[in-house]
Structures are given as structure tokens and as C-alpha cells.
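Participant: This is coords21.txt, which holds compact mmCIF, C-alpha atoms and all ligand atoms:
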```
# COMPACT_ATOMS: atom_id res chain seq x y z
CA MET X 414 -29.77 -60.17 -29.00
CA GLU X 415 -26.45 -58.76 -30.12
CA VAL X 416 -24.23 -57.09 -27.56
CA GLN X 417 -21.43 -54.91 -28.90
CA ILE X 418 -18.65 -53.70 -26.63
CA LEU X 419 -17.85 -50.17 -27.77
CA GLY X 420 -15.49 -49.31 -24.94
CA ALA X 421 -13.79 -51.85 -22.67
CA HIS X 422 -11.17 -49.81 -20.85
CA LEU X 423 -10.62 -47.59 -17.85
CA ALA X 424 -8.52 -45.08 -19.77
CA GLU X 425 -8.91 -43.59 -23.22
CA LEU X 426 -5.96 -43.81 -25.55
CA LYS X 427 -5.26 -44.92 -29.11
CA GLY X 428 -7.08 -48.22 -29.57
CA ALA X 429 -8.90 -48.09 -26.22
CA ARG X 430 -12.22 -46.46 -25.40
CA LEU X 431 -14.15 -45.78 -22.21
CA THR X 432 -17.02 -47.98 -21.05
CA SER X 433 -19.99 -48.28 -23.39
CA LEU X 434 -22.17 -51.15 -24.64
CA LEU X 435 -24.60 -51.25 -27.54
CA ILE X 436 -27.51 -53.69 -27.59
CA ASP X 437 -28.97 -54.60 -31.00
CA GLY X 438 -27.73 -51.30 -32.41
CA VAL X 439 -30.42 -49.29 -30.59
CA LEU X 440 -29.94 -49.36 -26.84
CA VAL X 441 -26.81 -48.05 -25.13
CA VAL X 442 -25.57 -48.84 -21.64
CA ASP X 443 -23.14 -46.13 -20.49
CA ALA X 444 -21.77 -43.49 -22.79
CA GLY X 445 -18.01 -43.44 -22.25
CA GLY X 446 -16.46 -44.24 -25.63
CA LEU X 447 -19.63 -44.19 -27.68
CA THR X 448 -19.53 -41.79 -30.61
CA SER X 449 -15.96 -42.50 -31.70
CA ALA X 450 -16.94 -46.18 -32.02
CA LEU X 451 -19.84 -45.66 -34.42
CA SER X 452 -20.48 -44.11 -37.82
CA LEU X 453 -23.17 -41.44 -38.10
CA PRO X 454 -25.73 -43.89 -39.59
CA GLU X 455 -24.99 -46.27 -36.69
CA GLN X 456 -25.41 -43.45 -34.16
CA LYS X 457 -28.67 -42.45 -35.82
CA LYS X 458 -30.20 -45.84 -34.94
CA ILE X 459 -29.72 -45.26 -31.21
CA ASP X 460 -32.95 -44.43 -29.37
CA THR X 461 -32.12 -44.94 -25.74
CA VAL X 462 -29.24 -44.56 -23.29
CA LEU X 463 -29.11 -46.15 -19.85
CA LEU X 464 -26.56 -44.75 -17.40
CA THR X 465 -25.27 -46.84 -14.50
CA HIS X 466 -23.79 -43.88 -12.60
CA HIS X 467 -22.55 -40.34 -13.14
CA HIS X 468 -18.77 -40.83 -13.47
CA PHE X 469 -17.32 -39.05 -16.49
CA ASP X 470 -15.91 -42.22 -18.06
CA HIS X 471 -19.52 -43.50 -18.33
CA THR X 472 -21.38 -40.32 -19.28
CA ARG X 473 -19.09 -38.16 -21.38
CA ASP X 474 -20.37 -39.15 -24.81
CA LEU X 475 -23.95 -38.41 -23.89
CA VAL X 476 -22.98 -34.88 -24.91
CA THR X 477 -21.31 -35.84 -28.20
CA LEU X 478 -24.17 -38.19 -29.13
CA ALA X 479 -26.73 -35.50 -28.29
CA ALA X 480 -24.79 -33.00 -30.41
CA ASN X 481 -24.94 -35.31 -33.44
CA ALA X 482 -28.59 -36.18 -32.85
CA GLY X 483 -29.53 -32.55 -32.25
CA TYR X 484 -27.51 -30.91 -35.02
CA TYR X 485 -27.70 -33.50 -37.81
CA TRP X 486 -30.95 -35.39 -37.65
CA ARG X 487 -33.05 -33.69 -34.97
CA LYS X 488 -33.73 -36.96 -33.23
CA GLN X 489 -34.91 -37.26 -29.65
CA LEU X 490 -33.08 -39.66 -27.36
CA ALA X 491 -34.43 -41.13 -24.14
CA VAL X 492 -31.95 -41.21 -21.25
CA TYR X 493 -32.63 -43.30 -18.17
CA ALA X 494 -30.64 -43.27 -14.95
CA PRO X 495 -31.26 -43.10 -11.21
CA ARG X 496 -32.41 -39.65 -10.02
CA TYR X 497 -29.08 -39.05 -8.23
CA THR X 498 -27.16 -39.73 -11.45
CA LEU X 499 -29.44 -37.56 -13.57
CA ASP X 500 -29.15 -34.64 -11.17
CA ILE X 501 -25.35 -34.61 -11.48
CA VAL X 502 -25.26 -35.24 -15.23
CA THR X 503 -27.79 -32.51 -16.00
CA ARG X 504 -26.07 -30.07 -13.63
CA CYS X 505 -22.51 -30.71 -14.84
CA LEU X 506 -22.69 -31.89 -18.47
CA LEU X 507 -25.95 -30.33 -19.66
CA ASP X 508 -25.87 -26.98 -17.91
CA GLY X 509 -25.83 -24.97 -21.13
CA GLN X 510 -22.39 -23.53 -20.33
CA ILE X 511 -20.00 -26.35 -21.05
CA TYR X 512 -21.88 -26.89 -24.35
CA ALA X 513 -25.42 -26.61 -25.65
CA ASN X 514 -28.13 -27.61 -23.20
CA PHE X 515 -29.57 -30.59 -25.02
CA LEU X 516 -32.43 -30.71 -22.53
CA GLU X 517 -33.71 -27.54 -24.22
CA TYR X 518 -32.08 -27.64 -27.67
CA PRO X 519 -33.38 -27.23 -30.35
CA SER X 520 -36.48 -26.26 -28.37
CA LYS X 521 -37.91 -26.72 -24.89
CA GLU X 522 -40.94 -28.36 -26.47
CA LYS X 523 -38.89 -30.92 -28.42
CA PRO X 524 -35.44 -31.21 -26.83
CA THR X 525 -32.79 -33.65 -28.03
CA LEU X 526 -32.55 -35.46 -24.70
CA ILE X 527 -35.52 -36.59 -22.67
CA VAL X 528 -34.32 -37.75 -19.27
CA GLU X 529 -36.30 -40.00 -17.01
CA ALA X 530 -35.40 -41.39 -13.60
CA ILE X 531 -35.35 -45.14 -13.17
CA GLU X 532 -35.11 -46.19 -9.57
CA PRO X 533 -33.58 -49.33 -8.11
CA TYR X 534 -35.82 -52.38 -8.53
CA ASP X 535 -37.87 -50.50 -11.12
CA ARG X 536 -38.86 -52.93 -13.84
CA ARG X 537 -39.73 -51.09 -17.02
CA THR X 538 -40.31 -51.74 -20.68
CA ILE X 539 -37.75 -49.52 -22.40
CA ALA X 540 -37.20 -49.55 -26.16
CA GLY X 541 -39.02 -52.89 -26.29
CA TYR X 542 -36.78 -54.52 -23.65
CA ASP X 543 -37.62 -55.54 -20.13
CA VAL X 544 -35.18 -53.46 -18.08
CA LEU X 545 -34.55 -53.96 -14.39
CA ALA X 546 -32.30 -51.58 -12.45
CA VAL X 547 -30.56 -53.15 -9.46
CA PRO X 548 -28.40 -51.18 -6.97
CA ALA X 549 -24.71 -51.92 -7.52
CA LYS X 550 -21.88 -51.45 -5.03
CA HIS X 551 -19.51 -48.67 -6.16
CA SER X 552 -17.89 -45.55 -4.71
CA VAL X 553 -20.98 -43.50 -5.65
CA PRO X 554 -24.66 -44.46 -6.05
CA ALA X 555 -24.90 -46.77 -9.06
CA VAL X 556 -27.13 -49.40 -10.60
CA GLY X 557 -26.64 -52.40 -12.82
CA TYR X 558 -29.16 -53.20 -15.52
CA GLN X 559 -30.66 -56.54 -16.46
CA ILE X 560 -31.87 -56.21 -20.03
CA THR X 561 -34.13 -58.91 -21.44
CA SER X 562 -35.28 -59.05 -25.04
CA SER X 563 -38.77 -60.14 -26.12
CA ASP X 564 -37.37 -63.57 -27.07
CA GLY X 565 -36.05 -64.11 -23.54
CA LYS X 566 -32.33 -63.38 -24.02
CA SER X 567 -30.84 -61.42 -21.19
CA LEU X 568 -27.70 -59.79 -19.95
CA PHE X 569 -26.82 -58.15 -16.68
CA CYS X 570 -24.41 -55.26 -16.86
CA THR X 571 -23.09 -54.39 -13.41
CA GLY X 572 -21.42 -51.11 -14.38
CA ASP X 573 -18.53 -50.18 -12.11
CA THR X 574 -18.70 -52.34 -9.04
CA THR X 575 -16.91 -53.93 -6.12
CA VAL X 576 -17.32 -56.44 -3.31
CA GLY X 577 -21.00 -56.96 -2.51
CA ILE X 578 -22.28 -56.95 -6.09
CA SER X 579 -23.44 -60.44 -5.10
CA ASP X 580 -26.39 -58.71 -3.38
CA CYS X 581 -27.72 -58.30 -6.93
CA TRP X 582 -27.65 -61.95 -7.79
CA GLN X 583 -31.00 -62.79 -6.17
CA HIS X 584 -32.69 -60.29 -8.52
CA VAL X 585 -31.19 -61.35 -11.85
CA SER X 586 -30.74 -64.50 -13.96
CA PRO X 587 -28.76 -63.43 -17.00
CA GLN X 588 -27.24 -65.55 -19.76
CA LEU X 589 -24.46 -63.01 -20.07
CA LEU X 590 -22.83 -61.04 -17.27
CA VAL X 591 -20.85 -57.97 -18.26
CA THR X 592 -18.81 -56.76 -15.33
CA GLU X 593 -15.58 -55.02 -14.51
CA VAL X 594 -12.02 -55.68 -13.43
CA ALA X 595 -10.16 -52.42 -13.04
CA GLY X 596 -6.82 -53.83 -11.92
CA PRO X 597 -4.82 -56.93 -10.97
CA ASP X 598 -4.89 -58.76 -7.63
CA LYS X 599 -1.82 -56.91 -6.29
CA TYR X 600 -3.93 -53.74 -6.04
CA GLU X 601 -6.85 -55.46 -4.29
CA ASP X 602 -6.96 -53.08 -1.29
CA TRP X 603 -6.82 -49.97 -3.42
CA LEU X 604 -9.39 -51.28 -5.90
CA LYS X 605 -11.78 -52.19 -3.10
CA LYS X 606 -11.48 -48.68 -1.63
CA ALA X 607 -12.08 -47.13 -5.06
CA GLY X 608 -15.18 -49.28 -5.61
CA HIS X 609 -13.75 -51.72 -8.15
CA LEU X 610 -12.93 -55.40 -8.59
CA CYS X 611 -9.74 -57.39 -9.16
CA PRO X 612 -9.86 -60.99 -10.43
CA ARG X 613 -9.66 -62.46 -6.91
CA LEU X 614 -12.60 -60.36 -5.71
CA LEU X 615 -14.57 -61.20 -8.86
CA ARG X 616 -13.99 -64.89 -8.14
CA GLU X 617 -15.61 -64.58 -4.70
CA GLU X 618 -18.65 -62.80 -6.14
CA LEU X 619 -19.03 -65.43 -8.88
CA ILE X 620 -18.83 -68.25 -6.36
CA GLN X 621 -21.74 -66.63 -4.55
CA PHE X 622 -23.62 -66.43 -7.86
CA ARG X 623 -23.14 -70.13 -8.44
CA ASN X 624 -24.09 -71.07 -4.89
CA LEU X 625 -27.31 -69.11 -5.19
CA LYS X 626 -28.29 -69.82 -8.80
CA ARG X 627 -26.70 -73.23 -9.47
CA TYR X 628 -25.16 -71.97 -12.71
CA LEU X 629 -22.74 -69.36 -13.96
CA PRO X 630 -23.49 -67.15 -16.96
CA ARG X 631 -20.93 -66.30 -19.62
CA VAL X 632 -18.87 -63.47 -18.19
CA ILE X 633 -17.24 -60.64 -20.12
CA ILE X 634 -14.87 -58.32 -18.32
CA ILE X 635 -14.63 -54.65 -19.24
CA HIS X 636 -13.40 -51.42 -17.56
CA ILE X 637 -9.92 -52.91 -17.78
CA GLY X 638 -7.05 -50.92 -16.31
CA ASN X 639 -5.01 -50.46 -19.49
CA PRO X 640 -1.43 -50.77 -18.15
CA TYR X 641 -2.33 -54.01 -16.34
CA GLU X 642 -4.26 -55.68 -19.15
CA GLN X 643 -1.95 -58.66 -19.58
CA GLU X 644 -1.77 -59.30 -15.83
CA ILE X 645 -5.56 -59.03 -15.55
CA LYS X 646 -5.95 -61.41 -18.49
CA GLU X 647 -3.75 -64.04 -16.87
CA GLU X 648 -5.42 -63.73 -13.47
CA VAL X 649 -8.91 -63.86 -15.01
CA ALA X 650 -7.91 -66.96 -17.00
CA GLN X 651 -6.87 -68.55 -13.71
CA VAL X 652 -10.27 -67.72 -12.17
CA ALA X 653 -12.05 -69.14 -15.23
CA GLN X 654 -10.06 -72.35 -14.92
CA GLU X 655 -10.72 -72.71 -11.20
CA LEU X 656 -14.45 -72.10 -11.58
CA GLU X 657 -14.66 -74.00 -14.90
CA ALA X 658 -16.46 -70.96 -16.21
CA ASP X 659 -16.59 -69.03 -19.48
CA ILE X 660 -14.95 -65.75 -18.45
CA ILE X 661 -13.18 -63.62 -21.01
CA ILE X 662 -11.72 -60.16 -21.33
CA GLY X 663 -13.77 -57.87 -23.56
CA HIS X 664 -12.31 -55.61 -26.20
CA GLU X 665 -13.41 -52.72 -28.36
CA ASP X 666 -15.82 -53.69 -31.17
CA MET X 667 -16.35 -57.20 -29.77
CA LYS X 668 -19.78 -58.58 -30.70
CA ILE X 669 -21.52 -61.26 -28.66
CA ALA X 670 -24.61 -63.00 -30.00
CA LEU X 671 -27.09 -64.28 -27.43
ZN ZN X 701 -17.31 -45.23 -11.57
ZN ZN X 702 -15.66 -46.19 -14.54
```
Using C-alpha cells, write down the structure that the file contains.
Ligand SMILES: [Zn+2]
Ligand SMILES: [Zn+2]
Facilitator:
Amino acid sequence: MEVQILGAHLAELKGARLTSLLIDGVLVVDAGGLTSALSLPEQKKIDTVLLTHHHFDHTRDLVTLAANAGYYWRKQLAVYAPRYTLDIVTRCLLDGQIYANFLEYPSKEKPTLIVEAIEPYDRRTIAGYDVLAVPAKHSVPAVGYQITSSDGKSLFCTGDTTVGISDCWQHVSPQLLVTEVAGPDKYEDWLKKAGHLCPRLLREELIQFRNLKRYLPRVIIIHIGNPYEQEIKEEVAQVAQELEADIIIGHEDMKIAL
């Protein structure tokens, strides 16, 4: 399994894209900074998009990907998300007013996007992967996805999350954990209220993982608050040292082989 970080940041600016992951070139988790990270032939390989929640920084490029798929190669894309997420995304991003309605374009019979609800604890075979959606703690309803390939490699992507993501640990056993740190420890209270993690909070959740599972997976941090990147890096390095764990900050175009 190859995991490619397309977007690793909280804000979009030159050199930084919004959250998006690509698995083996075909399966996308969250569509923040997706299309600007990939050539058209690379985009053409994508079959499936999983959305963790409806926030704009995770869903925006569903529209730009659908436009390319719909206009250039008339390909259908499967989009999976919890019902709550799909309701908001279809109402706000695919309403036919802000842009074309890719749920009906080019035709109602063969639209570009085929959306399907995946509910928490649903275990489904999607694009040849075993996919398990697990409720994640965030400011709005959200799920994380454990994605396991046919040869047994697996990652768990928490999406945006905060204290209590440890409730997920009993349901997953990934080799790679992709999670978030939106800001440094000095903003802990604010981050908690906004449904995010700082390095100190992440540390507590990882300790619970280790207590429960007797191991820690490799951890890659994304959704990094851009202005605080260096501070986050230093604090995460401290956590990695204390836990003797492999925890690193992700970056755009990073590829991880599992
Ligand atoms: Zn969010
Ligand atoms: Zn976000």
C-alpha cells in the first residue's frame, strides 16, 4: 500500500494544501487540496472518495475533481461519507447553483458522482479495500476510516479530531495512523473547544492506544496550523521521544510505503 499525502495543512497558501490523502493512486480520503496536487492522468485513476466530515477544507475539491471527471473523461466516481455529511455536501456544494450539479451531470442516468452513505461501524469492501468507518470526536459529526488492503496493510485516518479519539482504538489496529495536530500546546484550550488536537493532547490519546493495544503504529501528523508549524514540529518531536514512538509531521507530496 502506498499512502500519499496530498494536503497536510490547515490553511491553503503557496506550498501548502488542505487535507487530502491518496491511497495507491485510486482511493482518496478527504478532498481538500486534491486536484492541484495531481496531474490529469493521475486524477483520472481515482475511482473513490471517502469523506470524514463536511467541513470545506475536507470537501472542496470534490467539486473540482468531479468537474475534471465529468468534463474531460466522463468517468463516474463513488463518494462515501456518513449520511449527515452527504446531506450537507450535496445541499451546499452540489446544489446546481454554485456550479454544475455533478449528481445529475452529464445525465441523471449516469451522473459523475455516485454518493453512498457509510455509517459508523459499517465495514464495507470499497474499491477492493476493507473499509471501516469509526465515529471520531470533532466539532461536527465525523468518522475516521481504517483502510486495509487485500495483503493486510492498513492505515487509520482519524480526520479532524480531538480528545476522546481513543474511543476508536478498540475498533482498529493500523500499521499507520494518520491524525491531526492543528496547533501548539499553548492553544490547548482553544483547540479542544474547536475539536482539534495539540501535541500534548495527542500524547494522551496515544498513551491510551498503547495501553490498550500493547503497541504504537507509525504516526503521521497532518492538518498542521501553518503559522505554528515549527512549534508543532518541536513539540511533536518531544512527544515522540517520550513515547519512544515513530511520530512525524507530514508534508505535501510525502509518500509512505506500507
Ligand atoms: Zn473539521
Ligand atoms: Zn479541517
Participant: Could you give me, as a list of chain:residue names, the residues within 6 Å of X:Val556, counting only C-alpha atoms and dropping anything in the same chain fewer than 2 positions from it?
Facilitator: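 Once the nearby chain positions are removed, what remains is X:Thr465, X:Ala546, X:Val547, X:Pro548, X:Ala549.
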Participant: Generate a file of the selected residues that holds C-alpha atoms, formatted as an mmCIF file, keeping the file's coordinate frame.
Facilitator:
```cif
data_model
loop_
_atom_site.group_PDB
_atom_site.id
_atom_site.type_symbol
_atom_site.label_atom_id
_atom_site.label_comp_id
_atom_site.auth_asym_id
_atom_site.auth_seq_id
_atom_site.Cartn_x
_atom_site.Cartn_y
_atom_site.Cartn_z
ATOM 1 C CA THR X 465 -25.270 -46.840 -14.500
ATOM 2 C CA ALA X 546 -32.300 -51.580 -12.450
ATOM 3 C CA VAL X 547 -30.560 -53.150 -9.460
ATOM 4 C CA PRO X 548 -28.400 -51.180 -6.970
ATOM 5 C CA ALA X 549 -24.710 -51.920 -7.520
#
```
Participant: How would you report the residues lying within 7 Å of ligand ZN 702 (chain X), as an NGL selection string, if you count all atoms listed in the file?
Facilitator: :X and (423 or 432 or 468 or 470-471 or 573 or 636)
Participant: Restricting it to C-alpha atoms, dump the selection as an mmCIF file, keeping the file's coordinate frame.
Facilitator:
```
data_model
loop_
_atom_site.group_PDB
_atom_site.id
_atom_site.type_symbol
_atom_site.label_atom_id
_atom_site.label_comp_id
_atom_site.auth_asym_id
_atom_site.auth_seq_id
_atom_site.Cartn_x
_atom_site.Cartn_y
_atom_site.Cartn_z
ATOM 1 C CA LEU X 423 -10.620 -47.590 -17.850
ATOM 2 C CA THR X 432 -17.020 -47.980 -21.050
ATOM 3 C CA HIS X 468 -18.770 -40.830 -13.470
ATOM 4 C CA ASP X 470 -15.910 -42.220 -18.060
ATOM 5 C CA HIS X 471 -19.520 -43.500 -18.330
ATOM 6 C CA ASP X 573 -18.530 -50.180 -12.110
ATOM 7 C CA HIS X 636 -13.400 -51.420 -17.560
#
```
Participant: Collect all residues with atoms no farther than 12 Å from ligand ZN 701 (chain X), counting all atoms listed in the file, and output them as a VMD selection string.
Facilitator: chain X and resid 423 431 to 432 443 445 464 to 472 498 549 to 557 571 to 575 593 to 595 604 607 to 610 636
Participant: Show me, as a list of chain:residue names, the residues that have an atom within 10 Å of stretch 504-510 of chain X when counting only C-alpha atoms, minus same-chain residues fewer than 2 positions from it.
Facilitator: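 So the residues in contact are X:His467, X:Phe469, X:Thr472, X:Arg473, X:Asp474, X:Leu475, X:Val476, X:Thr498, X:Leu499, X:Asp500, X:Ile501, X:Val502, X:Tyr512, X:Ala513, X:Asn514, X:Phe515, X:Leu516, X:Glu517, X:Tyr518, X:Leu526.
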Participant: Determine the nearest neighbour of X:Tyr558 from the options X:Pro495, X:Gly638, X:Gly420, X:Pro524, counting all atoms listed in the file.
Facilitator: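 Of all the options, X:Pro495 lies closest to X:Tyr558.
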Participant: Rounded to one decimal, what separation in Å do you get between atom CA of X:Ile418 and atom CA of X:Leu434?
Facilitator: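 The value is 4.8 Å.
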Participant: With distances taken over all atoms listed in the file, which of X:Cys581, X:Ile459, X:Ile662, X:Leu629 is nearest to X:Gly438?
Facilitator: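 The shortest atom-to-atom distance to X:Gly438 comes from X:Ile459.
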Participant: Work out how far atom CA of X:Gly577 is from atom CA of X:Thr461, in Å to one decimal.
Facilitator: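 That distance, rounded to one decimal, is 28.4 Å.
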Participant: Please indicate the distance in Å from atom CA of X:Glu532 to atom CA of X:Val492, rounded to one decimal place.
Facilitator: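 Those two atoms sit 13.1 Å apart.
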Participant: Between X:Gln417, X:Gln621, X:Thr448, X:Ser433, single out the one closest to X:Ala480, counting all atoms listed in the file.
Facilitator: X:Thr448
Participant: At a cut-off of 12 Å, using all atoms listed in the file, what residues contact X:Val652? Leave out same-chain residues fewer than 5 positions from it and give the result as JSON, numbers by chain.
Facilitator: {"X": [598, 611, 612, 613, 614, 615, 616, 617, 618, 619, 620, 632, 645, 646, 647, 657, 658, 659, 660, 661, 662]}
